[in-house]
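A.B. asks: Take a look at entry_14.cif, mmCIF, C-alpha atoms:
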data_final
#
loop_
_atom_site.group_PDB
_atom_site.id
_atom_site.type_symbol
_atom_site.label_atom_id
_atom_site.label_comp_id
_atom_site.auth_asym_id
_atom_site.auth_seq_id
_atom_site.Cartn_x
_atom_site.Cartn_y
_atom_site.Cartn_z
ATOM 1 C CA MET U 1 -39.954 30.525 145.856
ATOM 2 C CA LYS U 2 -36.836 31.164 147.946
ATOM 3 C CA ILE U 3 -38.967 32.433 150.843
ATOM 4 C CA ALA U 4 -41.228 29.356 150.669
ATOM 5 C CA ARG U 5 -38.208 26.999 150.925
ATOM 6 C CA THR U 6 -36.817 28.968 153.864
ATOM 7 C CA LEU U 7 -40.146 28.839 155.671
ATOM 8 C CA LEU U 8 -40.408 25.103 155.005
ATOM 9 C CA LEU U 9 -36.909 24.503 156.427
ATOM 10 C CA LEU U 10 -37.655 26.625 159.492
ATOM 11 C CA SER U 11 -40.845 24.666 160.170
ATOM 12 C CA VAL U 12 -38.978 21.322 159.988
ATOM 13 C CA LEU U 13 -36.060 22.334 162.244
ATOM 14 C CA PRO U 14 -37.982 22.252 165.545
ATOM 15 C CA ILE U 15 -39.240 18.737 164.773
ATOM 16 C CA THR U 16 -35.829 17.318 163.874
ATOM 17 C CA GLY U 17 -34.194 19.065 166.820
ATOM 18 C CA CYS U 18 -36.423 17.114 169.226
ATOM 19 C CA THR U 19 -35.544 13.638 168.014
ATOM 20 C CA GLY U 20 -32.930 11.460 169.642
ATOM 21 C CA GLU U 21 -32.002 10.840 173.241
ATOM 22 C CA SER U 22 -31.696 13.674 175.721
ATOM 23 C CA GLN U 23 -28.237 14.652 176.958
ATOM 24 C CA THR U 24 -29.159 14.453 180.629
ATOM 25 C CA GLY U 25 -31.808 12.819 182.786
ATOM 26 C CA PRO U 26 -33.576 9.511 182.358
ATOM 27 C CA VAL U 27 -34.796 8.097 179.061
ATOM 28 C CA GLU U 28 -37.942 6.145 178.371
ATOM 29 C CA ILE U 29 -37.753 2.396 178.842
ATOM 30 C CA ARG U 30 -39.544 0.085 176.420
ATOM 31 C CA TYR U 31 -41.069 -2.167 179.074
ATOM 32 C CA ASN U 32 -41.152 -5.884 178.311
ATOM 33 C CA ARG U 33 -38.480 -5.256 175.615
ATOM 34 C CA GLU U 34 -35.438 -3.657 177.344
ATOM 35 C CA THR U 35 -33.197 -5.738 179.603
ATOM 36 C CA CYS U 36 -31.430 -4.920 182.853
ATOM 37 C CA VAL U 37 -27.679 -4.489 182.276
ATOM 38 C CA TYR U 38 -26.889 -6.221 185.577
ATOM 39 C CA CYS U 39 -29.085 -9.326 185.598
ATOM 40 C CA ARG U 40 -30.126 -9.355 181.921
ATOM 41 C CA MET U 41 -33.794 -9.908 182.781
ATOM 42 C CA ILE U 42 -36.528 -8.017 180.953
ATOM 43 C CA ILE U 43 -37.600 -4.784 182.623
ATOM 44 C CA SER U 44 -41.333 -5.186 183.090
ATOM 45 C CA ASP U 45 -42.453 -3.351 186.240
ATOM 46 C CA PRO U 46 -42.174 0.431 185.851
ATOM 47 C CA ARG U 47 -42.652 0.974 189.614
ATOM 48 C CA PHE U 48 -39.129 -0.355 190.300
ATOM 49 C CA ALA U 49 -37.152 0.639 187.186
ATOM 50 C CA ALA U 50 -33.882 2.539 187.577
ATOM 51 C CA GLU U 51 -31.341 4.197 185.275
ATOM 52 C CA ILE U 52 -27.785 5.453 185.586
ATOM 53 C CA ARG U 53 -25.949 7.941 183.373
ATOM 54 C CA GLN U 54 -22.250 8.725 183.942
ATOM 55 C CA THR U 55 -22.069 12.218 182.474
ATOM 56 C CA LYS U 56 -24.038 14.572 180.257
ATOM 57 C CA GLY U 57 -24.531 12.909 176.892
ATOM 58 C CA SER U 58 -23.241 9.481 177.928
ATOM 59 C CA GLU U 59 -25.028 6.151 177.574
ATOM 60 C CA VAL U 60 -27.930 5.413 179.901
ATOM 61 C CA PHE U 61 -27.842 2.053 181.703
ATOM 62 C CA MET U 62 -31.223 0.516 182.580
ATOM 63 C CA PHE U 63 -32.147 -1.721 185.512
ATOM 64 C CA ASP U 64 -35.219 -3.651 186.650
ATOM 65 C CA ASP U 65 -34.590 -2.958 190.360
ATOM 66 C CA ILE U 66 -32.698 -0.239 192.249
ATOM 67 C CA GLY U 67 -30.743 -3.023 193.986
ATOM 68 C CA ASP U 68 -29.280 -4.180 190.664
ATOM 69 C CA ALA U 69 -28.342 -0.571 189.871
ATOM 70 C CA ILE U 70 -26.569 -0.238 193.230
ATOM 71 C CA HIS U 71 -24.561 -3.442 192.736
ATOM 72 C CA TRP U 72 -23.662 -2.562 189.134
ATOM 73 C CA LEU U 73 -22.595 0.977 190.057
ATOM 74 C CA LYS U 74 -20.313 -0.090 192.914
ATOM 75 C CA HIS U 75 -17.866 -1.470 190.314
ATOM 76 C CA ALA U 76 -17.784 1.721 188.202
ATOM 77 C CA GLU U 77 -14.683 3.883 188.667
ATOM 78 C CA TRP U 78 -16.848 6.989 188.228
ATOM 79 C CA LYS U 79 -19.515 6.034 190.820
ATOM 80 C CA GLU U 80 -18.705 8.956 193.139
ATOM 81 C CA THR U 81 -18.465 11.716 190.534
ATOM 82 C CA PRO U 82 -21.015 14.523 190.941
ATOM 83 C CA ASP U 83 -22.096 14.177 187.292
ATOM 84 C CA THR U 84 -23.284 10.585 187.782
ATOM 85 C CA GLU U 85 -27.080 10.539 187.569
ATOM 86 C CA ILE U 86 -29.118 7.830 189.283
ATOM 87 C CA TRP U 87 -32.823 7.766 188.486
ATOM 88 C CA VAL U 88 -35.610 5.594 189.869
ATOM 89 C CA ARG U 89 -39.331 5.420 189.176
ATOM 90 C CA ASP U 90 -41.830 6.573 191.753
ATOM 91 C CA MET U 91 -43.340 3.363 193.140
ATOM 92 C CA LYS U 92 -46.691 5.015 193.794
ATOM 93 C CA THR U 93 -47.408 5.799 190.135
ATOM 94 C CA GLY U 94 -44.719 4.022 188.123
ATOM 95 C CA THR U 95 -44.722 7.015 185.772
ATOM 96 C CA LYS U 96 -42.573 9.683 187.393
ATOM 97 C CA TRP U 97 -38.744 9.610 187.367
ATOM 98 C CA LEU U 98 -37.085 10.652 190.627
ATOM 99 C CA ASP U 99 -33.496 11.574 191.453
ATOM 100 C CA ALA U 100 -32.592 8.474 193.473
ATOM 101 C CA ARG U 101 -30.229 10.334 195.791
ATOM 102 C CA LYS U 102 -33.060 12.672 196.841
ATOM 103 C CA SER U 103 -35.709 9.941 197.109
ATOM 104 C CA TRP U 104 -37.005 8.017 200.090
ATOM 105 C CA PHE U 105 -37.192 4.234 199.963
ATOM 106 C CA LEU U 106 -39.818 2.030 201.536
ATOM 107 C CA PRO U 107 -38.443 -1.413 202.486
ATOM 108 C CA GLY U 108 -40.480 -4.617 202.402
ATOM 109 C CA GLN U 109 -41.804 -4.207 198.857
ATOM 110 C CA HIS U 110 -42.147 -7.031 196.336
ATOM 111 C CA SER U 111 -39.575 -5.727 193.819
ATOM 112 C CA PRO U 112 -38.488 -7.623 190.672
ATOM 113 C CA MET U 113 -35.131 -8.811 192.022
ATOM 114 C CA ALA U 114 -36.253 -9.068 195.677
ATOM 115 C CA TYR U 115 -34.153 -6.211 197.051
ATOM 116 C CA GLY U 116 -37.460 -4.954 198.427
ATOM 117 C CA TYR U 117 -37.253 -1.162 198.036
ATOM 118 C CA GLY U 118 -39.720 1.189 196.374
ATOM 119 C CA ALA U 119 -38.964 4.898 195.836
ATOM 120 C CA PHE U 120 -41.087 7.841 196.959
ATOM 121 C CA THR U 121 -40.752 11.627 196.857
ATOM 122 C CA GLU U 122 -41.892 12.151 200.436
ATOM 123 C CA LYS U 123 -40.202 11.043 203.633
ATOM 124 C CA SER U 124 -42.292 9.044 206.102
ATOM 125 C CA ASP U 125 -41.644 7.175 209.353
ATOM 126 C CA ALA U 126 -41.327 3.954 207.332
ATOM 127 C CA THR U 127 -38.908 5.183 204.630
ATOM 128 C CA VAL U 128 -35.106 5.343 204.567
ATOM 129 C CA SER U 129 -32.718 7.607 202.670
ATOM 130 C CA PHE U 130 -30.863 6.586 199.524
ATOM 131 C CA GLU U 131 -27.630 6.116 201.490
ATOM 132 C CA GLU U 132 -29.308 3.931 204.122
ATOM 133 C CA MET U 133 -30.927 1.801 201.394
ATOM 134 C CA ARG U 134 -27.627 1.568 199.481
ATOM 135 C CA LYS U 135 -25.726 0.333 202.553
ATOM 136 C CA VAL U 136 -28.299 -2.388 203.269
ATOM 137 C CA VAL U 137 -28.397 -3.546 199.626
ATOM 138 C CA ILE U 138 -24.596 -3.782 199.414
ATOM 139 C CA ALA U 139 -24.267 -5.511 202.798
ATOM 140 C CA ARG U 140 -26.918 -8.071 201.853
ATOM 141 C CA GLY U 141 -25.195 -8.890 198.562
ATOM 142 C CA SER U 142 -26.498 -9.509 195.089
ATOM 143 C CA SER U 143 -29.941 -11.041 194.673
ATOM 144 C CA ALA U 144 -30.172 -14.796 194.390
ATOM 145 C CA TYR U 145 -32.253 -14.169 191.256
ATOM 146 C CA CYS U 146 -29.203 -12.777 189.436
ATOM 147 C CA ASP U 147 -26.806 -14.805 187.351
ATOM 148 C CA THR U 148 -24.402 -12.081 186.292
ATOM 149 C CA PRO U 149 -20.841 -12.174 184.963
ATOM 150 C CA ASP U 150 -18.203 -11.205 187.489
ATOM 151 C CA LEU U 151 -15.684 -8.493 186.705
ATOM 152 C CA ASP U 152 -13.533 -10.952 184.726
ATOM 153 C CA GLY U 153 -16.467 -11.936 182.498
ATOM 154 C CA HIS U 154 -17.030 -15.387 184.061
ATOM 155 C CA GLN U 155 -20.509 -16.509 185.039
ATOM 156 C CA ASN U 156 -21.254 -15.947 188.687
ATOM 157 C CA SER U 157 -24.165 -17.792 190.255
ATOM 158 C CA HIS U 158 -23.997 -15.670 193.417
ATOM 159 C CA THR U 159 -23.817 -18.671 195.707
ATOM 160 C CA HIS U 160 -21.993 -16.381 198.146
ATOM 161 C CA ASP U 161 -22.854 -12.774 198.775
ATOM 162 C CA ASP U 162 -20.451 -10.029 197.681
ATOM 163 C CA ALA U 163 -19.135 -9.507 201.213
ATOM 164 C CA SER U 164 -18.066 -13.135 201.611
ATOM 165 C CA LYS U 165 -16.357 -13.080 198.190
ATOM 166 C CA GLU U 166 -14.287 -10.080 199.246
ATOM 167 C CA LYS U 167 -13.238 -11.915 202.439
ATOM 168 C CA GLU U 168 -12.267 -15.010 200.431
ATOM 169 C CA GLY U 169 -10.312 -13.018 197.807
#
Could you render the structure as structure tokens?

C.D. replies:
Amino acid sequence: MKIARTLLLLSVLPITGCTGESQTGPVEIRYNRETCVYCRMIISDPRFAAEIRQTKGSEVFMFDDIGDAIHWLKHAEWKETPDTEIWVRDMKTGTKWLDARKSWFLPGQHSPMAYGYGAFTEKSDATVSFEEMRKVVIARGSSAYCDTPDLDGHQNSHTHDDASKEKEG
């Protein structure tokens, strides 16, 4: 009887050990149910989804467009730490997660928040690096589709881009 209970416990351990969120890497998004932490819109197009995790085991933040992820991350104190993970879906399939910093971005795409970048694993003559894409997205400012709270928690309609706000402030 004692052996039977031990065997039963050993057979259940692998199942229970696999439940819960992983400590590193991206997590699955429940499309048409999860919302973007930056613009609060529902994440519906897997080809443009993005995620950010600060450190191993920390909360994962989900986005409907890599542009929203870039604008959200620029305000995080920990944005430059090596442990910060930035993930984006492969635009070609919409099923594969890619390390955003190692991905290549094709401009001119019809993305959910109109930043216009889709991620790919392979470099081509038409793609740009993560850093090039990031610079353009930040310089252009937040999407007109966003109505996000500013850092003080007040609603911000984004009537001016982020660069003009910094000049005014």

A.B. asks: Taking all atoms listed in the file into account, which of U:Gly57, U:Cys36, U:Ile86, U:Trp97 comes nearest U:Ile70?

C.D. replies: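 Of all the options, U:Ile86 lies closest to U:Ile70.
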
A.B. asks: Expressed in Å to a single decimal, how great is the separation between atom CA of U:Phe130 and atom CA of U:Asn32?

C.D. replies: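 Going from atom CA of U:Phe130 over to atom CA of U:Asn32, I get 26.7 Å.
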
A.B. asks: Please check which residues have atoms at most 12 Å from (-35.1, 13.1, 190.9) in the file's coordinates, counting all atoms listed in the file, and write them as a ChimeraX atom specification.

C.D. replies: /U:24-26,50-52,85-90,96-104,119-122,130

A.B. asks: Run the PyMOL selection byres ((chain U and resi 117) around 7) mentally over the shown coordinates, then write out the matched residues as number ranges by chain, using the chain letters and numbers from the document.

C.D. replies: U: 105-109, 111, 115-116, 118-119

A.B. asks: Considering all atoms listed in the file, can you say which of U:Met91, U:Ser142, U:Lys135, U:Thr55 comes closest to U:His110?

C.D. replies: U:Met91

A.B. asks: Nearest residue to U:Asp45 out of U:Gly67, U:Gly141, U:Pro82, U:Pro112, using all atoms listed in the file?

C.D. replies: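 Of U:Gly67, U:Gly141, U:Pro82, U:Pro112, the one nearest U:Asp45 is U:Pro112, counting all atoms listed in the file.
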
A.B. asks: For U:Met113, work out the shell of residues within 12 Å, counting only C-alpha atoms and skipping chain neighbours fewer than 4 positions away, then give it as a compact mmCIF listing (two decimals) with C-alpha atoms, keeping the file's coordinate frame.

C.D. replies:
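Full text of selection_2.txt as output:
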# COMPACT_ATOMS: atom_id res chain seq x y z
CA CYS U 36 -31.43 -4.92 182.85
CA TYR U 38 -26.89 -6.22 185.58
CA CYS U 39 -29.08 -9.33 185.60
CA ARG U 40 -30.13 -9.36 181.92
CA MET U 41 -33.79 -9.91 182.78
CA ILE U 42 -36.53 -8.02 180.95
CA ILE U 43 -37.60 -4.78 182.62
CA SER U 44 -41.33 -5.19 183.09
CA ASP U 45 -42.45 -3.35 186.24
CA PHE U 48 -39.13 -0.36 190.30
CA ALA U 49 -37.15 0.64 187.19
CA PHE U 63 -32.15 -1.72 185.51
CA ASP U 64 -35.22 -3.65 186.65
CA ASP U 65 -34.59 -2.96 190.36
CA ILE U 66 -32.70 -0.24 192.25
CA GLY U 67 -30.74 -3.02 193.99
CA ASP U 68 -29.28 -4.18 190.66
CA ALA U 69 -28.34 -0.57 189.87
CA HIS U 71 -24.56 -3.44 192.74
CA GLN U 109 -41.80 -4.21 198.86
CA TYR U 117 -37.25 -1.16 198.04
CA GLY U 118 -39.72 1.19 196.37
CA VAL U 137 -28.40 -3.55 199.63
CA GLY U 141 -25.20 -8.89 198.56
CA SER U 142 -26.50 -9.51 195.09
CA SER U 143 -29.94 -11.04 194.67
CA ALA U 144 -30.17 -14.80 194.39
CA TYR U 145 -32.25 -14.17 191.26
CA CYS U 146 -29.20 -12.78 189.44
CA ASP U 147 -26.81 -14.80 187.35

A.B. asks: One decimal, Å: what's the distance from atom CA of U:Lys123 over to atom CA of U:Ile29, could you say?

C.D. replies: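 Computing it gives 26.4 Å between the two atoms.
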
A.B. asks: Measure the distance from atom CA of U:Thr95 to atom CA of U:Lys56 in Å and round it to one decimal.

C.D. replies: 22.7 Å

A.B. asks: Can you work out which one of U:Ala139, U:Gln54, U:Glu34, U:Ala126 has the shortest atom-to-atom distance to U:Thr81, counting all atoms listed in the file?

C.D. replies: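 Looking at the shortest contact to U:Thr81, the residue is U:Gln54.
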